[in-house]
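As provided, input-v1.csv (CSV, N, CA and C atoms) reads as follows.
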```csv
chain,number,residue,atom,x,y,z
A,1,MET,N,139.3,111.5,97.5
A,1,MET,CA,138.7,111.2,96.2
A,1,MET,C,137.8,112.3,95.9
A,2,PRO,N,137.8,112.9,94.6
A,2,PRO,CA,137.0,114.0,94.3
A,2,PRO,C,135.5,113.6,94.1
A,3,PRO,N,134.6,114.5,94.4
A,3,PRO,CA,133.2,114.1,94.3
A,3,PRO,C,132.8,113.9,92.8
A,4,ASN,N,131.9,112.9,92.6
A,4,ASN,CA,131.4,112.6,91.3
A,4,ASN,C,130.6,113.8,90.7
A,5,ARG,N,131.0,114.3,89.5
A,5,ARG,CA,130.3,115.5,88.9
A,5,ARG,C,128.8,115.2,88.7
A,6,ASN,N,128.5,114.0,88.2
A,6,ASN,CA,127.1,113.7,87.9
A,6,ASN,C,126.2,113.7,89.2
A,7,GLN,N,126.7,113.3,90.3
A,7,GLN,CA,126.0,113.2,91.5
A,7,GLN,C,125.6,114.6,92.0
A,8,SER,N,126.6,115.5,92.0
A,8,SER,CA,126.4,116.9,92.5
A,8,SER,C,125.4,117.6,91.7
A,9,SER,N,125.4,117.5,90.3
A,9,SER,CA,124.4,118.2,89.5
A,9,SER,C,123.0,117.6,89.7
A,10,ALA,N,122.9,116.3,89.9
A,10,ALA,CA,121.6,115.7,90.1
A,10,ALA,C,121.0,116.2,91.4
A,11,ARG,N,121.9,116.4,92.4
A,11,ARG,CA,121.4,116.8,93.7
A,11,ARG,C,120.9,118.3,93.6
A,12,LEU,N,121.4,119.1,92.7
A,12,LEU,CA,120.9,120.4,92.5
A,12,LEU,C,119.6,120.4,91.6
A,13,LEU,N,119.6,119.6,90.6
A,13,LEU,CA,118.6,119.6,89.6
A,13,LEU,C,117.2,119.0,90.2
A,14,ALA,N,117.3,118.1,91.1
A,14,ALA,CA,116.0,117.5,91.7
A,14,ALA,C,115.2,118.5,92.4
A,15,PRO,N,115.7,119.3,93.3
A,15,PRO,CA,114.9,120.3,94.0
A,15,PRO,C,114.4,121.4,93.0
A,16,VAL,N,115.2,121.8,92.1
A,16,VAL,CA,114.8,122.8,91.1
A,16,VAL,C,113.6,122.2,90.3
A,17,ALA,N,113.7,121.0,89.9
A,17,ALA,CA,112.6,120.4,89.1
A,17,ALA,C,111.4,120.3,89.9
A,18,LEU,N,111.5,120.0,91.2
A,18,LEU,CA,110.3,119.9,92.1
A,18,LEU,C,109.7,121.2,92.2
A,19,VAL,N,110.4,122.3,92.4
A,19,VAL,CA,109.9,123.6,92.5
A,19,VAL,C,109.2,124.0,91.2
A,20,ALA,N,109.8,123.7,90.1
A,20,ALA,CA,109.2,124.1,88.8
A,20,ALA,C,107.9,123.3,88.6
A,21,PHE,N,107.8,122.1,89.0
A,21,PHE,CA,106.6,121.3,88.9
A,21,PHE,C,105.5,121.9,89.8
A,22,ALA,N,105.8,122.3,91.0
A,22,ALA,CA,104.9,122.8,91.9
A,22,ALA,C,104.3,124.2,91.4
A,23,LEU,N,105.2,125.0,90.8
A,23,LEU,CA,104.7,126.2,90.2
A,23,LEU,C,103.8,126.0,89.0
A,24,ALA,N,104.1,125.0,88.2
A,24,ALA,CA,103.3,124.7,87.0
A,24,ALA,C,101.9,124.3,87.5
A,25,VAL,N,101.8,123.4,88.5
A,25,VAL,CA,100.6,122.9,89.0
A,25,VAL,C,99.8,124.1,89.6
A,26,SER,N,100.4,124.9,90.3
A,26,SER,CA,99.8,126.1,90.9
A,26,SER,C,99.2,127.0,89.8
A,27,LEU,N,99.9,127.2,88.8
A,27,LEU,CA,99.4,128.1,87.7
A,27,LEU,C,98.2,127.5,87.0
A,28,VAL,N,98.2,126.2,86.8
A,28,VAL,CA,97.1,125.5,86.2
A,28,VAL,C,95.8,125.7,87.1
A,29,VAL,N,96.0,125.4,88.4
A,29,VAL,CA,94.9,125.5,89.3
A,29,VAL,C,94.4,126.9,89.4
A,30,LEU,N,95.2,127.9,89.5
A,30,LEU,CA,94.8,129.2,89.6
A,30,LEU,C,94.2,129.8,88.4
A,31,SER,N,94.6,129.3,87.2
A,31,SER,CA,94.1,129.8,86.0
A,31,SER,C,92.7,129.3,85.7
A,32,SER,N,92.4,128.1,86.3
A,32,SER,CA,91.1,127.5,86.1
A,32,SER,C,90.1,128.3,86.9
A,33,GLY,N,90.4,128.8,88.0
A,33,GLY,CA,89.5,129.7,88.8
A,33,GLY,C,88.3,129.0,89.3
A,34,GLY,N,88.1,127.7,89.1
A,34,GLY,CA,87.0,127.0,89.6
A,34,GLY,C,85.7,127.4,89.0
A,35,LYS,N,85.7,128.0,87.8
A,35,LYS,CA,84.4,128.4,87.1
A,35,LYS,C,84.1,127.4,86.0
A,36,ASN,N,82.9,127.2,85.8
A,36,ASN,CA,82.5,126.3,84.7
A,36,ASN,C,82.6,127.1,83.4
A,37,GLU,N,82.8,126.3,82.3
A,37,GLU,CA,82.9,126.9,81.0
A,37,GLU,C,81.6,127.7,80.6
A,38,GLY,N,81.8,128.9,80.2
A,38,GLY,CA,80.6,129.7,79.8
A,38,GLY,C,80.0,130.5,80.9
A,39,GLU,N,80.6,130.3,82.1
A,39,GLU,CA,80.0,131.1,83.2
A,39,GLU,C,80.5,132.5,83.2
A,40,SER,N,79.6,133.4,83.6
A,40,SER,CA,80.0,134.8,83.5
A,40,SER,C,81.1,135.1,84.6
A,41,PRO,N,81.8,136.2,84.4
A,41,PRO,CA,82.9,136.5,85.4
A,41,PRO,C,82.5,136.6,86.8
A,42,ASN,N,81.3,137.1,87.0
A,42,ASN,CA,80.8,137.3,88.4
A,42,ASN,C,80.1,136.1,89.0
A,43,GLY,N,80.0,135.0,88.2
A,43,GLY,CA,79.4,133.8,88.6
A,43,GLY,C,77.9,133.8,88.7
A,44,SER,N,77.2,134.8,88.2
A,44,SER,CA,75.8,134.9,88.4
A,44,SER,C,75.0,134.1,87.3
A,45,GLY,N,75.6,133.7,86.3
A,45,GLY,CA,74.9,132.9,85.3
A,45,GLY,C,75.8,132.7,84.1
A,46,LYS,N,75.2,132.1,83.1
A,46,LYS,CA,76.0,131.9,81.8
A,46,LYS,C,75.9,133.1,80.9
A,47,ALA,N,77.0,133.3,80.2
A,47,ALA,CA,77.0,134.4,79.3
A,47,ALA,C,76.6,133.9,77.9
A,48,ASP,N,75.7,134.6,77.2
A,48,ASP,CA,75.3,134.3,75.9
A,48,ASP,C,76.4,134.9,75.0
A,49,THR,N,77.2,134.1,74.3
A,49,THR,CA,78.2,134.7,73.5
A,49,THR,C,77.7,135.5,72.3
A,50,ALA,N,76.6,135.2,71.8
A,50,ALA,CA,76.0,135.9,70.6
A,50,ALA,C,75.5,137.3,71.0
A,51,THR,N,74.8,137.4,72.1
A,51,THR,CA,74.3,138.7,72.5
A,51,THR,C,75.0,139.4,73.6
A,52,GLY,N,75.8,138.7,74.3
A,52,GLY,CA,76.6,139.3,75.4
A,52,GLY,C,75.7,139.4,76.7
A,53,GLN,N,74.5,138.9,76.6
A,53,GLN,CA,73.6,138.9,77.8
A,53,GLN,C,73.8,137.7,78.7
A,54,ARG,N,73.5,137.9,79.9
A,54,ARG,CA,73.6,136.8,80.9
A,54,ARG,C,72.2,136.2,81.1
A,55,THR,N,72.2,134.9,81.3
A,55,THR,CA,70.9,134.3,81.7
A,55,THR,C,71.2,133.6,83.0
A,56,THR,N,70.2,133.6,83.8
A,56,THR,CA,70.3,132.9,85.1
A,56,THR,C,69.4,131.6,85.1
A,57,ALA,N,70.0,130.6,85.6
A,57,ALA,CA,69.2,129.3,85.7
A,57,ALA,C,68.3,129.4,86.9
A,58,THR,N,67.1,128.8,86.8
A,58,THR,CA,66.2,128.7,87.9
A,58,THR,C,66.6,127.4,88.7
A,59,SER,N,66.4,127.5,90.0
A,59,SER,CA,66.7,126.3,90.8
A,59,SER,C,65.6,125.3,90.6
A,60,PRO,N,65.9,124.0,90.7
A,60,PRO,CA,64.8,123.0,90.6
A,60,PRO,C,63.8,123.2,91.7
A,61,ALA,N,62.6,122.7,91.5
A,61,ALA,CA,61.5,122.8,92.5
A,61,ALA,C,61.9,122.0,93.7
A,62,ARG,N,61.7,122.5,94.8
A,62,ARG,CA,61.9,121.8,96.1
A,62,ARG,C,60.8,120.9,96.4
A,63,PRO,N,61.1,119.7,96.9
A,63,PRO,CA,59.9,118.9,97.3
A,63,PRO,C,59.2,119.5,98.5
A,64,ALA,N,58.0,119.1,98.8
A,64,ALA,CA,57.2,119.6,99.9
A,64,ALA,C,58.0,119.4,101.2
A,65,ALA,N,57.7,120.2,102.2
A,65,ALA,CA,58.3,120.0,103.5
A,65,ALA,C,58.0,118.6,104.0
A,66,PRO,N,59.1,118.0,104.5
A,66,PRO,CA,58.9,116.6,105.0
A,66,PRO,C,57.8,116.5,106.1
A,67,ARG,N,57.0,115.5,106.0
A,67,ARG,CA,56.0,115.3,107.1
A,67,ARG,C,56.4,114.2,108.0
A,68,PRO,N,56.0,114.3,109.2
A,68,PRO,CA,56.4,113.2,110.2
A,68,PRO,C,55.8,111.9,109.7
A,69,THR,N,56.4,110.9,110.1
A,69,THR,CA,56.0,109.5,109.7
A,69,THR,C,54.7,109.1,110.3
A,70,ASP,N,54.0,108.2,109.6
A,70,ASP,CA,52.7,107.7,110.1
A,70,ASP,C,53.0,106.5,111.0
A,71,ARG,N,54.2,105.9,111.0
A,71,ARG,CA,54.5,104.8,111.8
A,71,ARG,C,54.5,105.1,113.3
A,72,SER,N,54.2,104.2,114.1
A,72,SER,CA,54.3,104.5,115.6
A,72,SER,C,55.6,104.0,116.2
A,73,THR,N,56.3,103.1,115.6
A,73,THR,CA,57.6,102.6,116.1
A,73,THR,C,58.6,102.5,115.0
A,74,TYR,N,59.9,102.4,115.5
A,74,TYR,CA,61.0,102.2,114.6
A,74,TYR,C,61.9,101.2,115.2
A,75,THR,N,62.4,100.3,114.4
A,75,THR,CA,63.3,99.3,114.9
A,75,THR,C,64.7,99.7,114.5
A,76,VAL,N,65.6,99.8,115.5
A,76,VAL,CA,67.0,100.2,115.4
A,76,VAL,C,67.7,99.3,114.5
A,77,LYS,N,68.5,99.8,113.5
A,77,LYS,CA,69.3,99.0,112.6
A,77,LYS,C,70.8,99.3,112.9
A,78,PRO,N,71.6,98.4,112.4
A,78,PRO,CA,73.1,98.6,112.7
A,78,PRO,C,73.5,99.9,112.1
A,79,GLY,N,74.3,100.6,112.9
A,79,GLY,CA,74.8,101.9,112.5
A,79,GLY,C,73.9,103.1,112.8
A,80,ASP,N,72.7,102.9,113.2
A,80,ASP,CA,71.8,103.9,113.5
A,80,ASP,C,72.2,104.8,114.7
A,81,THR,N,72.0,106.1,114.6
A,81,THR,CA,72.1,106.9,115.8
A,81,THR,C,70.8,107.6,116.0
A,82,LEU,N,70.6,108.3,117.1
A,82,LEU,CA,69.3,108.9,117.3
A,82,LEU,C,69.1,110.0,116.2
A,83,GLY,N,70.2,110.7,115.9
A,83,GLY,CA,70.1,111.8,114.9
A,83,GLY,C,69.7,111.2,113.5
A,84,LYS,N,70.3,110.1,113.1
A,84,LYS,CA,70.0,109.4,111.8
A,84,LYS,C,68.5,109.0,111.8
A,85,ILE,N,68.1,108.4,112.9
A,85,ILE,CA,66.7,107.9,113.0
A,85,ILE,C,65.8,109.1,112.9
A,86,ALA,N,66.0,110.1,113.6
A,86,ALA,CA,65.2,111.3,113.6
A,86,ALA,C,65.1,111.9,112.1
A,87,GLU,N,66.2,111.9,111.4
A,87,GLU,CA,66.2,112.3,110.0
A,87,GLU,C,65.3,111.4,109.1
A,88,LYS,N,65.5,110.1,109.3
A,88,LYS,CA,64.8,109.1,108.5
A,88,LYS,C,63.3,109.2,108.7
A,89,VAL,N,62.9,109.3,110.0
A,89,VAL,CA,61.4,109.3,110.3
A,89,VAL,C,60.8,110.7,110.4
A,90,ARG,N,61.7,111.7,110.2
A,90,ARG,CA,61.2,113.1,110.2
A,90,ARG,C,60.6,113.5,111.5
A,91,VAL,N,61.2,113.1,112.6
A,91,VAL,CA,60.8,113.5,113.9
A,91,VAL,C,62.0,114.1,114.6
A,92,GLU,N,61.8,115.2,115.4
A,92,GLU,CA,62.8,115.8,116.1
A,92,GLU,C,63.5,114.9,117.1
A,93,VAL,N,64.8,115.0,117.3
A,93,VAL,CA,65.5,114.2,118.2
A,93,VAL,C,65.0,114.4,119.6
A,94,GLU,N,64.6,115.6,120.0
A,94,GLU,CA,64.1,115.9,121.3
A,94,GLU,C,62.8,115.1,121.5
A,95,VAL,N,61.9,115.0,120.5
A,95,VAL,CA,60.7,114.3,120.6
A,95,VAL,C,61.0,112.8,120.8
A,96,LEU,N,61.9,112.3,120.1
A,96,LEU,CA,62.3,110.9,120.3
A,96,LEU,C,62.8,110.6,121.7
A,97,GLN,N,63.5,111.6,122.2
A,97,GLN,CA,64.0,111.4,123.6
A,97,GLN,C,62.9,111.5,124.6
A,98,GLU,N,61.9,112.4,124.4
A,98,GLU,CA,60.8,112.5,125.3
A,98,GLU,C,59.9,111.2,125.3
A,99,LEU,N,59.7,110.7,124.1
A,99,LEU,CA,58.9,109.5,123.9
A,99,LEU,C,59.6,108.2,124.4
A,100,ASN,N,60.9,108.2,124.5
A,100,ASN,CA,61.7,107.0,124.9
A,100,ASN,C,62.7,107.4,126.0
A,101,PRO,N,62.2,107.8,127.2
A,101,PRO,CA,63.1,108.2,128.2
A,101,PRO,C,64.0,107.2,128.8
A,102,ALA,N,63.7,105.9,128.6
A,102,ALA,CA,64.5,104.8,129.1
A,102,ALA,C,65.7,104.5,128.1
A,103,VAL,N,65.6,105.0,127.0
A,103,VAL,CA,66.6,104.7,125.9
A,103,VAL,C,67.8,105.6,126.1
A,104,ASP,N,69.0,105.0,126.1
A,104,ASP,CA,70.3,105.8,126.2
A,104,ASP,C,70.7,106.0,124.7
A,105,PRO,N,70.7,107.3,124.3
A,105,PRO,CA,71.0,107.6,122.9
A,105,PRO,C,72.4,107.2,122.5
A,106,GLN,N,73.3,107.0,123.5
A,106,GLN,CA,74.7,106.6,123.2
A,106,GLN,C,74.9,105.1,123.1
A,107,ALA,N,73.8,104.4,123.5
A,107,ALA,CA,73.9,102.9,123.5
A,107,ALA,C,72.7,102.3,122.9
A,108,LEU,N,72.4,102.7,121.6
A,108,LEU,CA,71.3,102.1,120.9
A,108,LEU,C,71.7,100.6,120.6
A,109,VAL,N,70.7,99.7,120.6
A,109,VAL,CA,70.9,98.3,120.4
A,109,VAL,C,70.2,97.9,119.1
A,110,THR,N,70.8,97.2,118.2
A,110,THR,CA,70.1,96.7,117.0
A,110,THR,C,68.9,95.9,117.4
A,111,GLY,N,67.8,96.2,116.8
A,111,GLY,CA,66.6,95.5,117.1
A,111,GLY,C,65.7,96.1,118.1
A,112,GLN,N,66.3,97.1,118.8
A,112,GLN,CA,65.5,97.9,119.8
A,112,GLN,C,64.4,98.7,119.2
A,113,LYS,N,63.2,98.7,119.8
A,113,LYS,CA,62.1,99.4,119.3
A,113,LYS,C,62.0,100.8,119.9
A,114,LEU,N,61.8,101.8,119.1
A,114,LEU,CA,61.6,103.2,119.6
A,114,LEU,C,60.2,103.7,119.2
A,115,LYS,N,59.6,104.4,120.2
A,115,LYS,CA,58.3,105.0,119.9
A,115,LYS,C,58.5,106.3,119.1
A,116,LEU,N,57.7,106.5,118.1
A,116,LEU,CA,57.8,107.6,117.2
A,116,LEU,C,56.7,108.7,117.5
A,117,ARG,N,55.6,108.2,118.1
A,117,ARG,CA,54.5,109.1,118.5
A,117,ARG,C,53.7,108.4,119.6
A,118,GLU,N,52.9,109.2,120.2
A,118,GLU,CA,52.1,108.7,121.3
A,118,GLU,C,50.9,107.9,120.8
```
Could you quickly redo this structure as structure tokens?
Amino acid sequence: MPPNRNQSSARLLAPVALVAFALAVSLVVLSSGGKNEGESPNGSGKADTATGQRTTATSPARPAAPRPTDRSTYTVKPGDTLGKIAEKVRVEVEVLQELNPAVDPQALVTGQKLKLRE
């Protein structure tokens, strides 16, 4: 029995269409270049279309350096790790370990109290 003509052309057309689609998506992604509209070619700032000059944006003011907490203890919450706790209370992990030598950092228990300072 001779092969169906429609089936064989569809078998050839599907991979060709897939390759064409992949090329089109690649071209769109590459042509966008990841730049914002109005950004200068070197990415240093926005270009003023009227004067051709570039302006640079200033970064927002940073908050003051974090201070260690005034609390003396912390109660472990579900999902806490020693690193997360240290970040929350702004105390180094090493300091927490020194202040709490009996605490296993790999086995924190919800409700457990940790010393944050002497």
For a test of reading the model, state the distance in Å between atom C of Pro105 (chain A) and atom N of Arg71 (chain A), rounded to one decimal.
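Computing it gives 21.6 Å between the two atoms.
For region 90-96 of chain A, the residues within 12 Å (counting only C-alpha atoms, excluding itself and residues fewer than 4 positions away along the chain) are A:Ala65, A:Pro66, A:Arg67, A:Pro68, A:Thr69, A:Asp70, A:Arg71, A:Ser72, A:Thr73, A:Tyr74, A:Thr81, A:Leu82, A:Gly83, A:Lys84, A:Ile85, A:Ala86, A:Asn100, A:Pro101, A:Ala102, A:Val103, A:Asp104, A:Pro105, A:Lys113, A:Leu114, A:Lys115, A:Leu116, A:Arg117, A:Glu118.
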Between atom N of Gln112 (chain A) and CA of Thr75 (chain A) lies a distance of 5.4 Å
Please report the interatomic distance between atom C of Thr110 (chain A) and atom C of Val76 (chain A) in Å with one decimal.
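Between atom C of Thr110 (chain A) and atom C of Val76 (chain A) the gap works out to 4.6 Å.
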Identify which of the residues A:Phe21, A:Leu108, A:Ser31, A:Leu12 lies closest to Asp80 (chain A), counting all atoms listed in the file when measuring atom-to-atom distances.
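Using all atoms listed in the file, Asp80 (chain A) sits closest to A:Leu108.
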